[in-house]
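Reproduced below: entry-v5.txt, with compact mmCIF, C-alpha atoms.
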```
# COMPACT_ATOMS: atom_id res chain seq x y z
CA MET G 13 1.72 19.81 -6.81
CA ALA G 14 -0.52 20.73 -9.75
CA TYR G 15 -4.25 21.32 -10.09
CA ALA G 16 -6.26 20.59 -13.20
CA SER G 17 -8.84 23.39 -12.85
CA PRO G 18 -9.56 26.43 -10.67
CA GLN G 19 -12.06 24.30 -8.75
CA ASP G 20 -9.25 21.92 -7.81
CA ALA G 21 -6.90 24.69 -6.65
CA PRO G 22 -8.01 24.98 -2.98
CA ALA G 23 -7.60 21.25 -2.32
CA ALA G 24 -4.30 21.19 -4.19
CA ARG G 25 -2.95 24.10 -2.17
CA ALA G 26 -3.99 22.38 1.07
CA TRP G 27 -2.15 19.20 0.13
CA ALA G 28 0.88 21.21 -1.03
CA ALA G 29 1.02 23.07 2.27
CA ALA G 30 0.80 19.84 4.24
CA LEU G 31 3.61 18.31 2.18
CA ASP G 32 5.64 21.54 2.01
CA ILE G 33 5.87 21.46 -1.79
CA PRO G 34 5.12 24.15 -4.43
CA CYS G 35 1.74 24.30 -6.15
CA ALA G 36 0.82 25.49 -9.66
CA GLY G 37 -1.66 24.93 -12.46
CA ILE G 38 -1.30 21.75 -14.48
CA GLU G 39 -0.57 23.71 -17.67
CA GLU G 40 2.61 25.19 -16.17
CA PRO G 41 5.89 23.38 -16.91
CA ALA G 42 6.71 20.78 -14.29
CA SER G 43 9.82 21.54 -12.26
CA ALA G 44 10.06 17.98 -10.91
CA ASP G 45 10.07 14.55 -12.51
CA LEU G 46 7.21 13.34 -10.31
CA VAL G 47 4.24 15.63 -9.69
CA LEU G 48 1.14 15.18 -7.56
CA VAL G 49 -1.99 16.20 -9.47
CA MET G 50 -5.39 17.11 -8.01
CA GLU G 51 -8.28 16.63 -10.43
CA GLN G 52 -11.94 16.40 -9.42
CA GLY G 53 -11.01 15.36 -5.91
CA VAL G 54 -8.64 12.60 -7.00
CA LEU G 55 -4.98 12.90 -6.04
CA SER G 56 -2.65 11.13 -8.47
CA LEU G 57 1.05 10.89 -9.28
CA ARG G 58 2.25 12.02 -12.72
CA ASP G 59 5.61 11.05 -14.19
CA SER G 60 6.57 14.05 -16.31
CA ARG G 61 9.53 12.26 -17.89
CA GLY G 62 7.50 10.37 -20.47
CA ARG G 63 4.79 11.24 -22.96
CA GLY G 64 1.37 9.66 -22.81
CA LEU G 65 1.80 8.33 -19.27
CA ASN G 66 -1.45 8.61 -17.35
CA PRO G 67 -1.24 9.76 -13.74
CA LEU G 68 -1.51 6.93 -11.21
CA SER G 69 -3.90 7.05 -8.25
CA ILE G 70 -5.15 4.73 -5.51
CA ASP G 71 -8.74 3.54 -5.21
CA PHE G 72 -10.01 1.62 -2.20
CA ASP G 73 -13.44 1.18 -3.84
CA THR G 74 -12.30 -0.97 -6.75
CA PRO G 75 -14.34 -4.23 -6.67
CA GLU G 76 -12.43 -7.15 -5.19
CA ASP G 77 -13.28 -10.76 -4.37
CA PRO G 78 -14.48 -10.60 -0.74
CA SER G 79 -14.02 -14.33 -0.16
CA LYS G 80 -11.58 -15.30 2.57
CA LYS G 81 -11.09 -18.62 0.79
CA GLN G 82 -8.53 -17.07 -1.56
CA PRO G 83 -4.86 -17.47 -0.52
CA LEU G 84 -4.55 -14.02 1.07
CA GLY G 85 -7.66 -14.56 3.17
CA GLN G 86 -6.51 -18.03 4.20
CA ALA G 87 -3.14 -16.65 5.27
CA VAL G 88 -4.60 -13.76 7.27
CA GLY G 89 -7.13 -16.10 8.89
CA ARG G 90 -10.85 -16.30 9.46
CA ARG G 91 -10.59 -15.42 13.15
CA THR G 92 -8.55 -12.30 12.42
CA ARG G 93 -10.42 -9.05 12.85
CA THR G 94 -7.73 -6.38 12.52
CA VAL G 95 -4.77 -6.16 10.14
CA VAL G 96 -2.00 -3.62 9.77
CA ASP G 97 -0.46 -3.45 6.31
CA ALA G 98 2.99 -2.27 7.32
CA THR G 99 4.21 -1.73 3.74
CA GLY G 100 1.33 0.28 2.29
CA GLY G 101 2.72 1.20 -1.14
CA TRP G 102 -0.04 1.51 -3.73
CA GLY G 103 -2.64 0.06 -1.35
CA ALA G 104 -3.63 -2.93 -3.51
CA ASP G 105 -3.46 -5.44 -0.66
CA ALA G 106 -5.12 -3.04 1.78
CA ARG G 107 -7.99 -2.73 -0.71
CA ARG G 108 -8.32 -6.52 -0.88
CA LEU G 109 -8.18 -6.85 2.91
CA ARG G 110 -10.85 -4.19 3.28
CA ALA G 111 -13.09 -6.02 0.78
CA MET G 112 -12.79 -9.14 2.95
CA GLY G 113 -14.16 -7.24 5.92
CA TYR G 114 -11.01 -6.80 8.00
CA GLY G 115 -10.34 -3.62 9.93
CA VAL G 116 -7.27 -2.28 8.12
CA THR G 117 -4.51 0.12 9.16
CA VAL G 118 -1.99 1.11 6.49
CA VAL G 119 1.52 2.30 7.40
CA GLU G 120 3.55 4.09 4.73
CA ARG G 121 6.82 5.94 5.33
CA ASN G 122 7.00 7.96 2.09
CA PRO G 123 5.04 11.24 2.39
CA LEU G 124 3.85 11.28 -1.25
CA MET G 125 2.59 7.69 -1.14
CA ALA G 126 0.95 8.36 2.24
CA ALA G 127 -0.84 11.35 0.69
CA LEU G 128 -2.16 9.19 -2.16
CA LEU G 129 -3.37 6.61 0.38
CA ARG G 130 -5.06 9.25 2.53
CA ASN G 131 -6.83 10.72 -0.47
CA ALA G 132 -8.08 7.26 -1.45
CA ALA G 133 -9.38 6.71 2.10
CA MET G 134 -11.14 10.10 2.09
CA ARG G 135 -12.84 9.33 -1.21
CA ALA G 136 -13.89 5.86 -0.07
CA SER G 137 -15.34 7.32 3.12
CA SER G 138 -17.38 9.88 1.20
CA HIS G 139 -18.70 7.23 -1.21
CA HIS G 140 -19.72 4.77 1.53
CA PRO G 141 -19.91 6.62 4.89
CA ALA G 142 -21.16 3.57 6.79
CA ARG G 143 -18.38 1.27 5.59
CA PRO G 144 -15.04 1.36 7.43
CA VAL G 145 -12.05 2.57 5.42
CA PRO G 146 -8.36 1.91 6.03
CA GLU G 147 -6.68 4.16 8.56
CA VAL G 148 -3.50 5.60 7.01
CA VAL G 149 -0.45 6.26 9.18
CA GLU G 150 2.56 8.10 7.77
CA HIS G 151 5.47 6.56 9.66
CA ASP G 152 8.38 4.18 9.37
CA ALA G 153 6.88 0.82 10.35
CA ILE G 154 10.15 -0.24 12.01
CA GLU G 155 9.61 2.53 14.54
CA TYR G 156 5.80 2.54 14.59
CA LEU G 157 5.04 -1.14 15.12
CA PRO G 158 7.11 -1.76 18.30
CA ALA G 159 5.29 1.14 19.96
CA HIS G 160 2.02 -0.81 19.55
CA PRO G 161 2.66 -4.33 20.92
CA ASP G 162 -0.09 -6.87 20.21
CA ALA G 163 -2.22 -4.08 18.72
CA TRP G 164 -3.44 -6.00 15.66
CA ASP G 165 -4.41 -9.62 15.16
CA CYS G 166 -2.24 -9.78 12.04
CA VAL G 167 0.65 -7.78 10.63
CA TYR G 168 0.96 -7.99 6.85
CA LEU G 169 4.29 -7.41 5.06
CA ASP G 170 4.97 -7.07 1.36
CA PRO G 171 8.73 -6.42 1.15
CA MET G 172 10.04 -4.92 -2.06
CA PHE G 173 10.95 -7.63 -4.57
CA PRO G 174 11.48 -7.74 -8.37
CA PRO G 175 8.41 -7.63 -10.64
CA LYS G 176 6.46 -10.82 -11.13
CA ARG G 177 7.58 -12.85 -14.12
CA ARG G 178 4.39 -12.18 -16.07
CA SER G 179 3.51 -8.82 -14.58
CA ALA G 180 1.73 -6.25 -16.75
CA THR G 181 3.41 -3.05 -17.88
CA LEU G 182 1.29 -0.96 -15.48
CA ALA G 183 2.29 -3.16 -12.53
CA ARG G 184 5.97 -2.78 -13.44
CA ARG G 185 5.53 0.97 -13.74
CA ARG G 186 3.89 1.21 -10.33
CA LEU G 187 6.67 -0.87 -8.78
CA ARG G 188 9.36 1.24 -10.45
CA LEU G 189 7.87 4.48 -9.13
CA LEU G 190 7.38 3.02 -5.67
CA ARG G 191 10.98 1.84 -5.56
CA GLU G 192 12.11 5.30 -6.71
CA LEU G 193 10.15 7.01 -3.94
CA ALA G 194 10.45 4.58 -1.05
CA GLY G 195 13.68 2.77 -1.90
CA ASP G 196 14.45 -0.89 -1.31
CA ASP G 197 14.06 -2.76 1.98
CA PRO G 198 17.62 -3.38 3.25
CA ASP G 199 16.23 -3.33 6.79
CA ARG G 200 13.61 -6.02 6.22
CA ASP G 201 14.91 -8.17 9.11
CA ARG G 202 14.25 -5.32 11.53
CA LEU G 203 10.83 -4.86 9.94
CA PHE G 204 9.97 -8.51 10.57
CA GLU G 205 11.07 -8.22 14.21
CA ALA G 206 8.89 -5.13 14.60
CA ALA G 207 5.98 -6.97 13.00
CA MET G 208 6.27 -9.85 15.46
CA THR G 209 6.06 -7.35 18.30
CA ALA G 210 2.90 -5.69 16.98
CA ALA G 211 1.07 -8.88 15.98
CA ALA G 212 -1.21 -10.49 18.54
CA ARG G 213 -1.65 -13.67 16.47
CA ARG G 214 0.38 -13.85 13.25
CA VAL G 215 2.58 -12.17 10.68
CA VAL G 216 1.91 -12.76 6.99
CA VAL G 217 4.68 -12.13 4.45
CA LYS G 218 4.06 -11.92 0.72
CA ARG G 219 6.75 -13.21 -1.64
CA PRO G 220 7.05 -14.22 -5.31
CA ASP G 221 6.28 -17.87 -5.97
CA HIS G 222 9.79 -18.41 -7.36
CA GLY G 223 11.51 -16.98 -4.27
CA ALA G 224 12.46 -18.60 -0.96
CA PRO G 225 10.84 -17.59 2.35
CA ALA G 226 12.50 -14.40 3.55
CA PHE G 227 12.40 -15.06 7.29
CA GLY G 228 13.05 -18.73 7.81
CA GLU G 229 10.64 -21.64 7.57
CA PRO G 230 7.03 -20.44 7.91
CA ALA G 231 4.36 -22.32 9.84
CA GLN G 232 2.09 -22.22 6.79
CA THR G 233 2.31 -21.17 3.15
CA HIS G 234 -0.69 -20.33 0.98
CA ALA G 235 0.18 -20.22 -2.71
CA GLY G 236 -1.52 -18.12 -5.36
CA LYS G 237 -0.84 -17.94 -9.09
CA LEU G 238 2.26 -15.75 -8.90
CA VAL G 239 2.81 -15.10 -5.18
CA CYS G 240 2.87 -16.97 -1.90
CA TYR G 241 1.82 -15.88 1.57
CA ASP G 242 3.98 -17.19 4.40
CA VAL G 243 2.46 -17.32 7.87
CA TYR G 244 4.50 -16.94 11.05
CA PHE G 245 2.53 -17.42 14.27
CA LYS G 246 3.21 -15.28 17.34
```
Could the structure of this file be written out as structure tokens, please?
Amino acid sequence: MAYASPQDAPAARAWAAALDIPCAGIEEPASADLVLVMEQGVLSLRDSRGRGLNPLSIDFDTPEDPSKKQPLGQAVGRRTRTVVDATGGWGADARRLRAMGYGVTVVERNPLMAALLRNAAMRASSHHPARPVPEVVEHDAIEYLPAHPDAWDCVYLDPMFPPKRRSATLARRRLRLLRELAGDDPDRDRLFEAAMTAAARRVVVKRPDHGAPAFGEPAQTHAGKLVCYDVYFK
């Protein structure tokens, strides 16, 4: 953990204590390849192995299309009120779901990614106190979901898959770092079973448009430009 200024030090030390990691000023040599950085209230992840690489953070306030007519909204459903994103990652889909007005819970098993998500939720809450923000749960979804049967209208899954064919460099970099921290999903079948337990109505699975459905024939598929959303009803 590093802090960019003396003003950032108290928050950085609090995060470092919670994560049980060392804390130092940003000017000190990094002892790890990946370093969390606190700067002006924003927690980000810095890759110290390359020059000129900007730290990466999560922002739940980035403007998104709130229309449920887009493929993700169609897959999740108009009658859905609550969604759990069981593969939180960088929070991009949770941000989109929040913009559409769903009540969102994000589950992330990697402590560093969960910290980035929590920091994004804290910032979003301070910017718009009256607007609900995603609830972040640090847990393995395979264990967490079965303990909450029928708790959410929809369970959303985005299993780890190779970068999109025309993905930007930043998207590839985010995916590479996420894979490095969280690993692949060799237990995705167990994750799907857990999702079916926790979903009151449906499970939505994101996949690349050039890939086959991961969990058998879906009841519906809503196709976007580069990805598809497969719907499995409870």
Atom CA of G:Lys246 to atom CA of G:Val88, straight-line distance in Å: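 Here the two named atoms are 12.8 Å from each other.
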Quick one: everything within 8 Å of G:Asp59, counting all atoms listed in the file, minus sequence neighbours fewer than 4 positions away in the same chain. Send it as a list in words.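 My list of contacting residues is Asp45, Leu46, Val47, Leu65 and Pro67 of chain G.
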Let's have the selection written as a short mmCIF file (atom, residue, chain, number, x, y, z; two decimals), in the coordinates of the input, with C-alpha atoms.
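Just written: part_31.cif:
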```cif
data_model
loop_
_atom_site.label_atom_id
_atom_site.label_comp_id
_atom_site.auth_asym_id
_atom_site.auth_seq_id
_atom_site.Cartn_x
_atom_site.Cartn_y
_atom_site.Cartn_z
CA ASP G 45 10.07 14.55 -12.51
CA LEU G 46 7.21 13.34 -10.31
CA VAL G 47 4.24 15.63 -9.69
CA LEU G 65 1.80 8.33 -19.27
CA PRO G 67 -1.24 9.76 -13.74
#
```
Find the residues near G:Ala28: any atom within 12 Å, counting all atoms listed in the file, skip ones fewer than 5 places away on the same chain, and give them as an mmCIF file with C-alpha atoms, in the frame of the given file.
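Saved the output as selection.cif:
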```cif
data_model
loop_
_atom_site.group_PDB
_atom_site.id
_atom_site.type_symbol
_atom_site.label_atom_id
_atom_site.label_comp_id
_atom_site.auth_asym_id
_atom_site.auth_seq_id
_atom_site.Cartn_x
_atom_site.Cartn_y
_atom_site.Cartn_z
ATOM 1 C CA MET G 13 1.720 19.810 -6.810
ATOM 2 C CA ALA G 14 -0.520 20.730 -9.750
ATOM 3 C CA TYR G 15 -4.250 21.320 -10.090
ATOM 4 C CA ALA G 21 -6.900 24.690 -6.650
ATOM 5 C CA PRO G 22 -8.010 24.980 -2.980
ATOM 6 C CA ALA G 23 -7.600 21.250 -2.320
ATOM 7 C CA ILE G 33 5.870 21.460 -1.790
ATOM 8 C CA PRO G 34 5.120 24.150 -4.430
ATOM 9 C CA CYS G 35 1.740 24.300 -6.150
ATOM 10 C CA ALA G 36 0.820 25.490 -9.660
ATOM 11 C CA VAL G 47 4.240 15.630 -9.690
ATOM 12 C CA LEU G 48 1.140 15.180 -7.560
ATOM 13 C CA VAL G 49 -1.990 16.200 -9.470
ATOM 14 C CA MET G 50 -5.390 17.110 -8.010
ATOM 15 C CA LEU G 55 -4.980 12.900 -6.040
ATOM 16 C CA PRO G 123 5.040 11.240 2.390
ATOM 17 C CA LEU G 124 3.850 11.280 -1.250
ATOM 18 C CA ALA G 127 -0.840 11.350 0.690
#
```
Could you tell me how far atom CA of G:Leu203 lies from atom CA of G:Pro225, in Å and to one decimal? 14.8 Å
Is there a way to get, as a PyMOL selection string, all residues within 7 Å of the point (6.5, -6.9, 4.3) in file coordinates, counting only C-alpha atoms? chain G and resi 98-99+168-171+217-218
Smallest atom-to-atom distance to G:Arg58: which of G:Val118, G:Arg186, G:Arg90, G:Gly85, using all atoms listed in the file?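 Of G:Val118, G:Arg186, G:Arg90, G:Gly85, the one nearest G:Arg58, counting all atoms listed in the file, is G:Arg186.
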Please determine, counting all atoms listed in the file, which residue among G:Gly195, G:Pro144, G:Gly100, G:Gly113 has the shortest atom-to-atom distance to G:Ala126.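 Ranking G:Gly195, G:Pro144, G:Gly100, G:Gly113 by distance to G:Ala126, first place goes to G:Gly100.
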One-decimal distance in Å that lies between atom CA of G:Arg214 and atom CA of G:Val243: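 Pair atom CA of G:Val243 / atom CA of G:Arg214 returns 6.7 Å.
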Once you count only C-alpha atoms, which residues end up no further than 7 Å from (-7.6, -5.8, 10.4) in the file's frame, shown as a list in words?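 Nearby residues: Thr92, Arg93, Thr94, Val95, Val96, Tyr114, Gly115, Val116, Thr117, Trp164, Asp165 and Cys166 of chain G.
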Could you put an axis-aligned box around every listed atom of stretch 161-164 of chain G, padded by 3 Å on each side, and send me its centre and edge lengths in Å to one decimal, as JSON?
```
{"center_x": -0.4, "center_y": -5.5, "center_z": 18.3, "size_x": 12.1, "size_y": 8.8, "size_z": 11.3}
```
Counting only C-alpha atoms, the residue of G:Pro158, G:Asp105, G:Met125, G:Arg202 that sits nearest G:Pro146: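 Result for the nearest residue to G:Pro146: G:Asp105.
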